[in-house]
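Chemist: Hey, dropping coords35.pdb in here, PDB, C-alpha atoms:
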```pdb
ATOM      1  CA  MET Z  97      46.271 -47.097  41.226
ATOM      2  CA  THR Z  98      47.345 -43.509  41.783
ATOM      3  CA  ASP Z  99      48.130 -40.992  39.057
ATOM      4  CA  ASN Z 100      51.823 -41.505  39.855
ATOM      5  CA  HIS Z 101      51.649 -45.255  39.311
ATOM      6  CA  ILE Z 102      53.958 -46.443  36.533
ATOM      7  CA  ILE Z 103      52.430 -49.321  34.567
ATOM      8  CA  ILE Z 104      54.993 -52.114  34.196
ATOM      9  CA  ILE Z 105      54.471 -54.624  31.393
ATOM     10  CA  ALA Z 106      56.435 -57.869  31.566
ATOM     11  CA  GLU Z 107      56.820 -58.744  27.892
ATOM     12  CA  ALA Z 108      56.691 -62.520  27.520
ATOM     13  CA  GLY Z 109      56.350 -62.055  23.780
ATOM     14  CA  VAL Z 110      57.252 -65.327  22.092
ATOM     15  CA  ASN Z 111      59.755 -66.385  24.758
ATOM     16  CA  HIS Z 112      57.493 -69.361  25.502
ATOM     17  CA  ASN Z 113      58.890 -70.806  22.237
ATOM     18  CA  GLY Z 114      55.417 -71.975  21.229
ATOM     19  CA  ASN Z 115      55.032 -74.063  24.378
ATOM     20  CA  TYR Z 116      51.764 -73.375  26.217
ATOM     21  CA  ASP Z 117      53.008 -74.802  29.527
ATOM     22  CA  LEU Z 118      55.998 -72.452  29.344
ATOM     23  CA  ALA Z 119      53.623 -69.559  28.647
ATOM     24  CA  ARG Z 120      51.653 -70.444  31.788
ATOM     25  CA  LYS Z 121      54.858 -70.467  33.832
ATOM     26  CA  MET Z 122      55.669 -67.013  32.495
ATOM     27  CA  VAL Z 123      52.334 -65.702  33.801
ATOM     28  CA  TYR Z 124      53.208 -66.873  37.313
ATOM     29  CA  ALA Z 125      56.752 -65.502  37.033
ATOM     30  CA  ALA Z 126      55.529 -62.068  35.929
ATOM     31  CA  LYS Z 127      53.048 -61.959  38.794
ATOM     32  CA  GLU Z 128      55.683 -62.974  41.338
ATOM     33  CA  ALA Z 129      58.063 -60.302  40.026
ATOM     34  CA  GLY Z 130      55.421 -57.623  40.646
ATOM     35  CA  ALA Z 131      54.456 -56.653  37.087
ATOM     36  CA  ASP Z 132      51.090 -55.038  36.381
ATOM     37  CA  TYR Z 133      50.671 -56.904  33.090
ATOM     38  CA  VAL Z 134      52.137 -59.874  31.298
ATOM     39  CA  LYS Z 135      52.068 -59.462  27.527
ATOM     40  CA  PHE Z 136      52.241 -61.994  24.730
ATOM     41  CA  GLN Z 137      52.300 -61.722  20.925
ATOM     42  CA  THR Z 138      49.410 -63.100  18.897
ATOM     43  CA  ALA Z 139      49.758 -63.899  15.215
ATOM     44  CA  VAL Z 140      48.848 -66.167  12.352
ATOM     45  CA  PRO Z 141      52.372 -66.327  10.915
ATOM     46  CA  GLU Z 142      51.203 -66.824   7.323
ATOM     47  CA  LEU Z 143      49.189 -63.595   7.552
ATOM     48  CA  VAL Z 144      52.132 -61.612   8.909
ATOM     49  CA  ILE Z 145      55.189 -62.850   7.035
ATOM     50  CA  SER Z 146      55.635 -63.619   3.369
ATOM     51  CA  THR Z 147      57.738 -66.561   2.220
ATOM     52  CA  TYR Z 148      60.245 -64.019   0.909
ATOM     53  CA  ALA Z 149      60.730 -62.083   4.186
ATOM     54  CA  PRO Z 150      64.331 -62.282   5.464
ATOM     55  CA  LYS Z 151      65.275 -62.626   9.085
ATOM     56  CA  ALA Z 152      66.613 -59.629  10.967
ATOM     57  CA  GLU Z 153      70.322 -59.770  11.680
ATOM     58  CA  TYR Z 154      69.717 -60.304  15.400
ATOM     59  CA  GLN Z 155      67.400 -63.215  14.518
ATOM     60  CA  LYS Z 156      70.132 -64.767  12.364
ATOM     61  CA  GLU Z 157      72.582 -64.381  15.233
ATOM     62  CA  THR Z 158      70.246 -66.030  17.743
ATOM     63  CA  THR Z 159      68.528 -68.680  15.601
ATOM     64  CA  GLY Z 160      70.835 -69.280  12.637
ATOM     65  CA  ASN Z 161      70.139 -69.252   8.905
ATOM     66  CA  GLU Z 162      68.550 -72.657   8.475
ATOM     67  CA  GLN Z 163      64.943 -71.476   8.843
ATOM     68  CA  SER Z 164      63.237 -68.601   7.067
ATOM     69  CA  GLN Z 165      61.597 -65.879   9.176
ATOM     70  CA  LEU Z 166      58.222 -67.497   8.460
ATOM     71  CA  GLU Z 167      59.424 -70.942   9.531
ATOM     72  CA  MET Z 168      60.971 -69.501  12.674
ATOM     73  CA  CYS Z 169      57.745 -67.742  13.644
ATOM     74  CA  ARG Z 170      55.613 -70.803  12.938
ATOM     75  CA  ALA Z 171      57.729 -72.688  15.444
ATOM     76  CA  ILE Z 172      57.467 -70.170  18.289
ATOM     77  CA  HIS Z 173      53.883 -68.866  18.077
ATOM     78  CA  LEU Z 174      50.966 -70.231  20.035
ATOM     79  CA  PRO Z 175      47.707 -71.113  18.264
ATOM     80  CA  LEU Z 176      44.927 -68.556  18.629
ATOM     81  CA  SER Z 177      42.961 -70.972  20.796
ATOM     82  CA  ASP Z 178      45.567 -70.679  23.573
ATOM     83  CA  TYR Z 179      44.976 -67.003  24.338
ATOM     84  CA  ALA Z 180      41.562 -67.280  25.997
ATOM     85  CA  PRO Z 181      42.862 -69.774  28.610
ATOM     86  CA  LEU Z 182      45.953 -67.581  29.130
ATOM     87  CA  LYS Z 183      43.658 -64.618  29.783
ATOM     88  CA  ALA Z 184      41.629 -66.747  32.218
ATOM     89  CA  LEU Z 185      44.840 -67.752  34.009
ATOM     90  CA  CYS Z 186      45.869 -64.105  34.345
ATOM     91  CA  ASP Z 187      42.475 -63.271  35.840
ATOM     92  CA  GLU Z 188      42.866 -66.164  38.282
ATOM     93  CA  VAL Z 189      46.423 -65.220  39.267
ATOM     94  CA  GLY Z 190      45.642 -61.499  39.537
ATOM     95  CA  ILE Z 191      47.781 -59.962  36.824
ATOM     96  CA  GLY Z 192      46.639 -57.992  33.797
ATOM     97  CA  PHE Z 193      46.670 -59.748  30.429
ATOM     98  CA  MET Z 194      47.810 -58.185  27.195
ATOM     99  CA  SER Z 195      48.803 -59.534  23.834
ATOM    100  CA  THR Z 196      49.975 -57.711  20.732
ATOM    101  CA  PRO Z 197      48.132 -58.692  17.564
ATOM    102  CA  PHE Z 198      50.181 -58.790  14.367
ATOM    103  CA  ASP Z 199      47.378 -59.345  11.839
ATOM    104  CA  LEU Z 200      43.691 -58.619  11.369
ATOM    105  CA  VAL Z 201      42.517 -62.104  12.377
ATOM    106  CA  SER Z 202      44.479 -61.872  15.620
ATOM    107  CA  ILE Z 203      42.797 -58.534  16.344
ATOM    108  CA  ASP Z 204      39.416 -60.276  16.158
ATOM    109  CA  CYS Z 205      40.673 -63.074  18.427
ATOM    110  CA  LEU Z 206      41.899 -60.690  21.115
ATOM    111  CA  ALA Z 207      38.902 -58.346  20.897
ATOM    112  CA  ASP Z 208      36.756 -61.005  22.551
ATOM    113  CA  LEU Z 209      39.053 -61.287  25.573
ATOM    114  CA  GLY Z 210      38.409 -57.843  27.091
ATOM    115  CA  MET Z 211      41.934 -56.480  27.402
ATOM    116  CA  ASP Z 212      42.497 -53.172  29.211
ATOM    117  CA  TYR Z 213      44.724 -51.929  26.375
ATOM    118  CA  TRP Z 214      45.457 -52.691  22.777
ATOM    119  CA  LYS Z 215      49.227 -52.895  22.341
ATOM    120  CA  ILE Z 216      50.332 -51.834  18.863
ATOM    121  CA  PRO Z 217      53.905 -52.898  18.023
ATOM    122  CA  SER Z 218      56.425 -50.663  16.298
ATOM    123  CA  GLY Z 219      56.269 -52.639  13.065
ATOM    124  CA  GLU Z 220      52.567 -51.887  12.538
ATOM    125  CA  ILE Z 221      52.801 -48.111  12.956
ATOM    126  CA  THR Z 222      52.564 -47.621   9.171
ATOM    127  CA  ASN Z 223      49.886 -50.313   8.644
ATOM    128  CA  LEU Z 224      46.791 -48.250   7.869
ATOM    129  CA  PRO Z 225      44.236 -51.125   7.647
ATOM    130  CA  TYR Z 226      45.566 -52.541  10.912
ATOM    131  CA  LEU Z 227      45.386 -49.196  12.746
ATOM    132  CA  ARG Z 228      41.845 -48.601  11.542
ATOM    133  CA  LYS Z 229      40.681 -52.034  12.643
ATOM    134  CA  ILE Z 230      42.179 -51.571  16.119
ATOM    135  CA  ALA Z 231      40.452 -48.202  16.417
ATOM    136  CA  LEU Z 232      37.106 -49.567  15.275
ATOM    137  CA  LYS Z 233      37.264 -52.186  18.030
ATOM    138  CA  GLY Z 234      37.449 -49.343  20.573
ATOM    139  CA  GLY Z 235      39.269 -49.182  23.876
ATOM    140  CA  LYS Z 236      42.588 -47.770  25.009
ATOM    141  CA  VAL Z 237      45.824 -48.056  23.056
ATOM    142  CA  ILE Z 238      49.521 -48.313  23.886
ATOM    143  CA  LEU Z 239      51.507 -47.502  20.753
ATOM    144  CA  SER Z 240      55.181 -48.427  20.396
ATOM    145  CA  THR Z 241      57.176 -46.149  18.103
ATOM    146  CA  GLY Z 242      60.452 -47.911  17.325
ATOM    147  CA  MET Z 243      61.940 -47.267  13.858
ATOM    148  CA  SER Z 244      59.648 -44.229  13.490
ATOM    149  CA  THR Z 245      59.990 -40.521  12.878
ATOM    150  CA  LEU Z 246      57.847 -38.046  14.748
ATOM    151  CA  SER Z 247      55.771 -37.441  11.631
ATOM    152  CA  GLU Z 248      55.082 -41.178  11.270
ATOM    153  CA  VAL Z 249      53.990 -41.390  14.892
ATOM    154  CA  ALA Z 250      51.782 -38.326  14.451
ATOM    155  CA  ALA Z 251      50.203 -39.895  11.361
ATOM    156  CA  ALA Z 252      49.429 -43.118  13.244
ATOM    157  CA  VAL Z 253      47.901 -41.197  16.142
ATOM    158  CA  ASP Z 254      45.803 -39.202  13.666
ATOM    159  CA  VAL Z 255      44.512 -42.435  12.087
ATOM    160  CA  LEU Z 256      43.541 -43.838  15.479
ATOM    161  CA  GLU Z 257      41.880 -40.582  16.478
ATOM    162  CA  LYS Z 258      39.919 -40.180  13.246
ATOM    163  CA  SER Z 259      38.812 -43.801  13.500
ATOM    164  CA  GLY Z 260      37.371 -43.387  16.969
ATOM    165  CA  ILE Z 261      40.063 -43.461  19.670
ATOM    166  CA  PRO Z 262      40.704 -40.058  21.274
ATOM    167  CA  ARG Z 263      44.261 -38.988  22.061
ATOM    168  CA  THR Z 264      43.381 -39.084  25.736
ATOM    169  CA  ASP Z 265      43.100 -42.889  25.378
ATOM    170  CA  ILE Z 266      46.477 -43.313  23.646
ATOM    171  CA  ILE Z 267      49.806 -43.868  25.410
ATOM    172  CA  VAL Z 268      52.862 -43.527  23.179
ATOM    173  CA  LEU Z 269      55.986 -45.552  23.965
ATOM    174  CA  HIS Z 270      59.430 -44.492  22.824
ATOM    175  CA  CYS Z 271      61.390 -47.514  21.643
ATOM    176  CA  THR Z 272      64.582 -48.538  19.848
ATOM    177  CA  THR Z 273      63.920 -51.633  17.754
ATOM    178  CA  GLN Z 274      67.142 -53.578  18.058
ATOM    179  CA  TYR Z 275      67.795 -56.646  20.201
ATOM    180  CA  PRO Z 276      69.722 -55.798  22.285
ATOM    181  CA  ALA Z 277      69.641 -52.047  21.670
ATOM    182  CA  PRO Z 278      72.982 -50.228  22.072
ATOM    183  CA  TYR Z 279      72.871 -47.611  24.808
ATOM    184  CA  ASP Z 280      73.890 -44.833  22.429
ATOM    185  CA  SER Z 281      70.850 -45.578  20.247
ATOM    186  CA  VAL Z 282      68.281 -45.197  23.022
ATOM    187  CA  ASN Z 283      67.726 -41.400  23.033
ATOM    188  CA  LEU Z 284      65.463 -41.297  26.085
ATOM    189  CA  ARG Z 285      64.923 -37.562  25.655
ATOM    190  CA  ALA Z 286      62.735 -38.401  22.646
ATOM    191  CA  MET Z 287      59.993 -39.075  25.215
ATOM    192  CA  ASN Z 288      59.811 -35.313  25.707
ATOM    193  CA  THR Z 289      59.287 -34.850  21.976
ATOM    194  CA  LEU Z 290      56.581 -37.521  21.829
ATOM    195  CA  ALA Z 291      54.769 -35.718  24.657
ATOM    196  CA  LEU Z 292      54.170 -32.836  22.237
ATOM    197  CA  LEU Z 293      51.630 -35.016  20.389
ATOM    198  CA  GLY Z 294      49.176 -34.420  23.220
ATOM    199  CA  CYS Z 295      48.363 -38.060  23.972
ATOM    200  CA  LYS Z 296      47.431 -39.343  27.427
ATOM    201  CA  ALA Z 297      51.011 -40.167  28.411
ATOM    202  CA  VAL Z 298      54.392 -41.280  27.168
ATOM    203  CA  GLY Z 299      56.366 -44.329  28.181
ATOM    204  CA  TYR Z 300      59.243 -46.511  27.136
ATOM    205  CA  SER Z 301      59.610 -49.998  25.679
ATOM    206  CA  ASP Z 302      63.115 -51.230  26.432
ATOM    207  CA  HIS Z 303      65.363 -53.564  24.475
ATOM    208  CA  THR Z 304      68.695 -52.752  26.145
ATOM    209  CA  GLN Z 305      70.547 -55.227  28.296
ATOM    210  CA  GLY Z 306      70.116 -54.842  32.034
ATOM    211  CA  ILE Z 307      67.746 -52.658  34.009
ATOM    212  CA  SER Z 308      69.430 -49.244  34.209
ATOM    213  CA  ILE Z 309      67.770 -47.707  31.130
ATOM    214  CA  PRO Z 310      64.135 -48.527  32.013
ATOM    215  CA  VAL Z 311      64.772 -47.232  35.536
ATOM    216  CA  ALA Z 312      66.184 -44.029  34.023
ATOM    217  CA  ALA Z 313      63.118 -43.759  31.776
ATOM    218  CA  ALA Z 314      60.899 -43.958  34.846
ATOM    219  CA  ALA Z 315      62.894 -41.136  36.437
ATOM    220  CA  LEU Z 316      62.419 -39.057  33.276
ATOM    221  CA  GLY Z 317      58.645 -39.400  33.493
ATOM    222  CA  ALA Z 318      57.678 -42.587  31.625
ATOM    223  CA  LYS Z 319      54.204 -43.673  32.715
ATOM    224  CA  VAL Z 320      54.525 -47.135  31.139
ATOM    225  CA  ILE Z 321      57.610 -49.351  31.088
ATOM    226  CA  GLU Z 322      57.706 -52.485  28.948
ATOM    227  CA  LYS Z 323      60.547 -55.003  29.167
ATOM    228  CA  HIS Z 324      61.094 -58.461  27.669
ATOM    229  CA  PHE Z 325      61.648 -61.296  30.100
ATOM    230  CA  THR Z 326      62.383 -64.999  29.833
ATOM    231  CA  LEU Z 327      62.502 -67.904  32.223
ATOM    232  CA  ASP Z 328      66.001 -68.728  30.959
ATOM    233  CA  ARG Z 329      68.186 -66.525  28.754
ATOM    234  CA  ASN Z 330      69.890 -69.644  27.383
ATOM    235  CA  LEU Z 331      66.724 -70.999  25.781
ATOM    236  CA  PRO Z 332      66.689 -71.116  21.968
ATOM    237  CA  GLY Z 333      64.774 -68.345  20.204
ATOM    238  CA  PRO Z 334      65.233 -64.829  18.842
ATOM    239  CA  ASP Z 335      64.405 -62.690  21.897
ATOM    240  CA  HIS Z 336      65.825 -64.495  24.931
ATOM    241  CA  ARG Z 337      69.261 -62.882  24.734
ATOM    242  CA  ALA Z 338      67.839 -59.352  25.161
ATOM    243  CA  SER Z 339      65.447 -60.386  27.942
ATOM    244  CA  LEU Z 340      65.604 -60.314  31.731
ATOM    245  CA  GLU Z 341      65.388 -63.455  33.796
ATOM    246  CA  PRO Z 342      62.705 -63.454  36.536
ATOM    247  CA  GLU Z 343      64.933 -62.290  39.406
ATOM    248  CA  GLU Z 344      66.250 -59.448  37.202
ATOM    249  CA  LEU Z 345      62.705 -58.494  36.260
ATOM    250  CA  ALA Z 346      61.807 -58.356  39.954
ATOM    251  CA  GLU Z 347      64.841 -56.140  40.659
ATOM    252  CA  MET Z 348      63.876 -53.791  37.815
ATOM    253  CA  ILE Z 349      60.349 -53.518  39.162
ATOM    254  CA  ARG Z 350      61.582 -52.819  42.698
ATOM    255  CA  SER Z 351      63.882 -50.114  41.354
ATOM    256  CA  ILE Z 352      61.104 -48.512  39.301
ATOM    257  CA  ARG Z 353      58.773 -48.539  42.306
ATOM    258  CA  SER Z 354      61.497 -46.780  44.312
ATOM    259  CA  VAL Z 355      61.787 -44.134  41.581
ATOM    260  CA  GLU Z 356      58.000 -43.847  41.444
ATOM    261  CA  ALA Z 357      57.866 -43.156  45.185
ATOM    262  CA  ALA Z 358      60.758 -40.714  44.945
ATOM    263  CA  LEU Z 359      59.298 -38.632  42.105
ATOM    264  CA  GLY Z 360      56.655 -37.117  44.366
ATOM    265  CA  SER Z 361      54.327 -34.244  43.527
ATOM    266  CA  GLY Z 362      56.883 -31.732  42.289
ATOM    267  CA  ASP Z 363      55.961 -29.211  44.994
ATOM    268  CA  LYS Z 364      58.966 -27.944  46.967
ATOM    269  CA  ILE Z 365      57.863 -28.607  50.535
ATOM    270  CA  VAL Z 366      59.333 -29.898  53.775
ATOM    271  CA  ALA Z 367      59.052 -33.674  53.697
ATOM    272  CA  GLU Z 368      57.665 -35.251  56.832
ATOM    273  CA  ALA Z 369      60.718 -37.523  56.967
ATOM    274  CA  GLU Z 370      63.065 -34.530  57.250
ATOM    275  CA  ARG Z 371      60.987 -32.337  59.549
ATOM    276  CA  PRO Z 372      62.565 -33.647  62.800
ATOM    277  CA  ASN Z 373      65.996 -32.603  61.505
ATOM    278  CA  ILE Z 374      65.151 -28.912  61.113
ATOM    279  CA  ALA Z 375      66.042 -28.078  64.692
ATOM    280  CA  VAL Z 376      69.131 -30.284  64.518
ATOM    281  CA  ALA Z 377      70.631 -28.960  61.288
ATOM    282  CA  ARG Z 378      69.554 -25.293  61.240
ATOM    283  CA  LYS Z 379      70.852 -22.564  63.528
ATOM    284  CA  SER Z 380      69.466 -19.925  65.844
ATOM    285  CA  ILE Z 381      70.709 -16.646  67.263
ATOM    286  CA  VAL Z 382      72.534 -17.296  70.552
ATOM    287  CA  ALA Z 383      74.641 -15.347  73.015
ATOM    288  CA  ALA Z 384      78.298 -15.191  71.993
ATOM    289  CA  ARG Z 385      79.219 -14.385  75.601
ATOM    290  CA  ALA Z 386      77.482 -13.460  78.835
ATOM    291  CA  ILE Z 387      75.005 -10.646  78.232
ATOM    292  CA  ALA Z 388      73.657  -8.394  81.010
ATOM    293  CA  PRO Z 389      70.022  -7.226  81.181
ATOM    294  CA  GLY Z 390      69.549  -4.028  79.134
ATOM    295  CA  GLU Z 391      72.749  -4.572  77.134
ATOM    296  CA  VAL Z 392      72.439  -3.704  73.461
ATOM    297  CA  LEU Z 393      72.700  -6.764  71.233
ATOM    298  CA  THR Z 394      75.536  -6.384  68.709
ATOM    299  CA  GLU Z 395      77.606  -8.447  66.338
ATOM    300  CA  GLU Z 396      80.117  -8.787  69.189
ATOM    301  CA  ASN Z 397      77.824 -10.347  71.794
ATOM    302  CA  ILE Z 398      75.544 -12.551  69.668
ATOM    303  CA  THR Z 399      76.297 -15.245  67.089
ATOM    304  CA  VAL Z 400      74.643 -18.085  65.199
ATOM    305  CA  LYS Z 401      74.792 -21.748  66.305
ATOM    306  CA  ARG Z 402      72.756 -24.918  66.360
ATOM    307  CA  PRO Z 403      70.084 -25.907  67.361
ATOM    308  CA  GLY Z 404      67.536 -24.267  65.094
ATOM    309  CA  ASN Z 405      64.594 -23.994  67.492
ATOM    310  CA  GLY Z 406      65.171 -20.354  68.447
ATOM    311  CA  ILE Z 407      65.145 -17.059  66.524
ATOM    312  CA  SER Z 408      66.084 -17.622  62.888
ATOM    313  CA  PRO Z 409      69.321 -16.003  61.703
ATOM    314  CA  MET Z 410      67.208 -14.542  58.892
ATOM    315  CA  LEU Z 411      65.986 -12.090  61.587
ATOM    316  CA  TRP Z 412      69.543 -11.036  62.442
ATOM    317  CA  ASP Z 413      69.038  -7.414  61.354
ATOM    318  CA  LYS Z 414      65.988  -7.040  63.602
ATOM    319  CA  VAL Z 415      67.805  -8.428  66.641
ATOM    320  CA  ILE Z 416      70.885  -6.245  66.186
ATOM    321  CA  GLY Z 417      70.395  -2.964  68.087
ATOM    322  CA  SER Z 418      67.682  -4.225  70.428
ATOM    323  CA  SER Z 419      68.208  -4.405  74.216
ATOM    324  CA  ALA Z 420      68.388  -7.638  76.169
ATOM    325  CA  SER Z 421      65.358  -8.010  78.399
ATOM    326  CA  LYS Z 422      67.232 -10.426  80.667
ATOM    327  CA  ALA Z 423      70.644 -11.893  81.306
ATOM    328  CA  TYR Z 424      72.009 -14.508  78.890
ATOM    329  CA  LEU Z 425      74.721 -17.086  79.422
ATOM    330  CA  PRO Z 426      77.125 -17.984  76.587
ATOM    331  CA  ASP Z 427      75.382 -20.196  73.919
ATOM    332  CA  GLN Z 428      71.935 -19.520  75.403
ATOM    333  CA  LEU Z 429      69.209 -19.002  72.817
ATOM    334  CA  ILE Z 430      68.240 -15.351  72.382
ATOM    335  CA  ASP Z 431      64.466 -15.222  72.817
ATOM    336  CA  GLU Z 432      63.675 -11.526  72.520
ATOM    337  CA  GLN Z 433      60.496 -10.385  70.828
ATOM    338  CA  VAL Z 434      61.375  -9.281  67.304
TER     339      VAL Z 434
END
```
Would you kindly transcribe this structure into C-alpha cells?
Modeler:
Amino acid sequence: MTDNHIIIIAEAGVNHNGNYDLARKMVYAAKEAGADYVKFQTAVPELVISTYAPKAEYQKETTGNEQSQLEMCRAIHLPLSDYAPLKALCDEVGIGFMSTPFDLVSIDCLADLGMDYWKIPSGEITNLPYLRKIALKGGKVILSTGMSTLSEVAAAVDVLEKSGIPRTDIIVLHCTTQYPAPYDSVNLRAMNTLALLGCKAVGYSDHTQGISIPVAAAALGAKVIEKHFTLDRNLPGPDHRASLEPEELAEMIRSIRSVEAALGSGDKIVAEAERPNIAVARKSIVAARAIAPGEVLTEENITVKRPGNGISPMLWDKVIGSSASKAYLPDQLIDEQV
C-alpha cells in the first residue's frame, strides 16, 4: 500500500445478530466490496453491561423495550470461540481481520489472533484499566473518539503512550456516536483539531446515513474510514438501520478510491493527462496581417491566437519592436529569436 492509501474498514460489528454463518457471509461481502478490513465486536456481555444499564434511545427505537441492554447484547454477540475461525476465514479470503474488544477477557482472546491493529471504541476512551491492558499487549492502535472532548482524547493517547504504544503507532478517528448521526452533528473539521495531538494519522468513523460524509472525510484527509454495513438493513438488531448494504458499501469504496487517486501529491505540476492540451488551449504570438521582411513588429501587425506551440504571449514585450526576419502570412506563428 502507498502512503496515500486510505484504509477502509467494513464494520460488521454485531450485524451478524449472533449468527456465525451470517458473520462468515459478511466476511465474503466485505471482501467483494473492496474493503481492506472487516471488523467485528468481541465481548462477554456480562463483563461489559450491568443488569441496570439502560438501552440507548436508538436501541429502543430499533429493538423495542422488552429486553434490557444486557439481554439484547447476549442475543447478538458471538462466543469468544468463534473469532479464531473468523480470523482464519479472513486470511483465506484475503481481507484483514479486526475486532473491537469491549472487556479485558476479550482483549486476551483477540491478542492471540495477531491483528494488525487494536480498535478501541469510543465508549472505552475513559476506561483506564482497559487502555493500559491494550497498550501492554503492544501493537498499533486505532482509537475512535465519539462522545469525547479533545482533552479526553489527549488523556487516552497519553495513557497509551505511557503504557508502551508510541503516538506514531496510534491513528485517531473522529466520530459522532449516534445511530444514525444527523449531518449537522458530524463536524468533520474536528479531524484537523485531532491532528494537533501528533499521532500517526487521523481518520473518520461514520454513522450517518448514505455515503456522502465518509467520501467527504476522505477528501479532507482521513487516512482511515470506518463504516457499518449489513447484509440486509431490514434485519432485526440495533445497528442495521444506520448501516450500508453490500452494494452501497461497494459504491462508497469506489468513491473513496476515486478521491484517493484525485488527492495526489499536493505539488502544483502539469498532469500528464492534460499535457497534450497545452498546445490546443494556450495561445501564441501570430501575425495579425501580412508582414514584410524587415517590418517592425507592433501591436498593429501581431496578435495572440491558438495554438500554443509558438512564442508565448508572456514574451510579448520582447517581440514588440523587433524586426521580422522573413515574411509572415496572416495567422502564421511568429518564430523570431527573442
Chemist: Just give me the gap between atom CA of Pro262 of chain Z and atom CA of Asp187 of chain Z in Å, one decimal is fine.
Modeler: 27.5 Å
Chemist: For the file shown, what are the residues hit by the PyMOL selection byres ((chain Z and resi 350) around 12), laid out as a PyMOL selection string?
Modeler: chain Z and resi 102+104+128-131+307+310-311+314+343-349+351-357
Chemist: What does the distance from atom CA of Gly235 of chain Z to atom CA of Ala180 of chain Z come to in Å, to one decimal?
Modeler: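 Interatomic distance here is 18.4 Å.
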Chemist: What is the distance between atom CA of Asn161 of chain Z and atom CA of Asn113 of chain Z, in Å to one decimal?
Modeler: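 Atom-to-atom, atom CA of Asn161 of chain Z to atom CA of Asn113 of chain Z, that is 17.5 Å.
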Chemist: Calculated over only C-alpha atoms, which of the candidates Z:Thr289, Z:Asn405, Z:Gln137, Z:Ser195 has the smallest distance to Gly210 of chain Z?
Modeler: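 Closest candidate: Z:Ser195.
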Chemist: I'd like the contact shell of His336 of chain Z - 9 Å cut-off, all atoms listed in the file, skipping same-chain residues fewer than 4 positions apart - returned as a list in words.
Modeler: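 With the cut-off at 9 Å, the set is Asn111, Thr158, His324, Phe325, Thr326, Leu327, Asp328, Arg329, Asn330, Leu331, Pro332, Leu340 and Glu341 of chain Z.
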Chemist: Given all atoms listed in the file as the basis, pick out the residue of Z:Leu269, Z:Ala171, Z:Ile407, Z:Ile216 nearest to Ile230 of chain Z.
Modeler: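 Ranking Z:Leu269, Z:Ala171, Z:Ile407, Z:Ile216 by distance to Ile230 of chain Z, first place goes to Z:Ile216.
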Chemist: Evaluate the PyMOL selection byres ((chain Z and resi 108) around 9) against this structure - the residues, as a PyMOL selection string, please.
Modeler: chain Z and resi 106-107+109-112+119+122-123+126+134-137+323-326
Chemist: Using only C-alpha atoms, which protein or nucleic acid residues come within 7 Å of Leu256 of chain Z? Drop anything in the same chain fewer than 6 positions from it, and give the result as a list in words.
Modeler: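 My list of contacting residues is Leu227, Arg228 and Ala231 of chain Z.
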Chemist: Which one is closest to Ala318 of chain Z: Z:Ala291, Z:Leu224, Z:Val237, Z:Val249? Count all atoms listed in the file.
Modeler: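 Using all atoms listed in the file, the shortest distance to Ala318 of chain Z belongs to Z:Ala291.
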Chemist: Once you count only C-alpha atoms, which residues end up no further than 9 Å from (53.3, -47.9, 32.0) in the file's frame, shown as an MDAnalysis selection string?
Modeler: chainID Z and resid 101:105 132 238 267 269 297:300 318:322
Chemist: Z:Ser164, Z:Cys186, Z:Leu359, Z:Ser301: which is nearest Lys121 of chain Z, counting all atoms listed in the file?
Modeler: Z:Cys186
Chemist: Written as a ChimeraX atom specification, what is the full residue list that the PyMOL selection byres ((chain Z and resi 139-141) around 12) yields on the file shown?
Modeler: /Z:109-110,114,136-138,142-147,149,164-179,195-206
Chemist: Mind checking which residues fall within 12 Å of Gly362 of chain Z, counting all atoms listed in the file, ignoring those fewer than 5 positions away in the same chain, and posting them as a PyMOL selection string?
Modeler: chain Z and resi 100+317+357+367
Chemist: Got time to write the residues from that selection, C-alpha atoms, as an mmCIF file, in the coordinates of the input?
Modeler:
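Ended up saving to part.cif:
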```cif
data_model
loop_
_atom_site.group_PDB
_atom_site.id
_atom_site.type_symbol
_atom_site.label_atom_id
_atom_site.label_comp_id
_atom_site.auth_asym_id
_atom_site.auth_seq_id
_atom_site.Cartn_x
_atom_site.Cartn_y
_atom_site.Cartn_z
ATOM 1 C CA ASN Z 100 51.823 -41.505 39.855
ATOM 2 C CA GLY Z 317 58.645 -39.400 33.493
ATOM 3 C CA ALA Z 357 57.866 -43.156 45.185
ATOM 4 C CA ALA Z 367 59.052 -33.674 53.697
#
```
Chemist: If we count only C-alpha atoms and set the cut-off at 8 Å, which residues sit around segment 410-420 of chain Z, ignoring sequence neighbours fewer than 5 positions away in its own chain? Please answer as number ranges by chain.
Modeler: Z: 381, 387-395, 432, 434
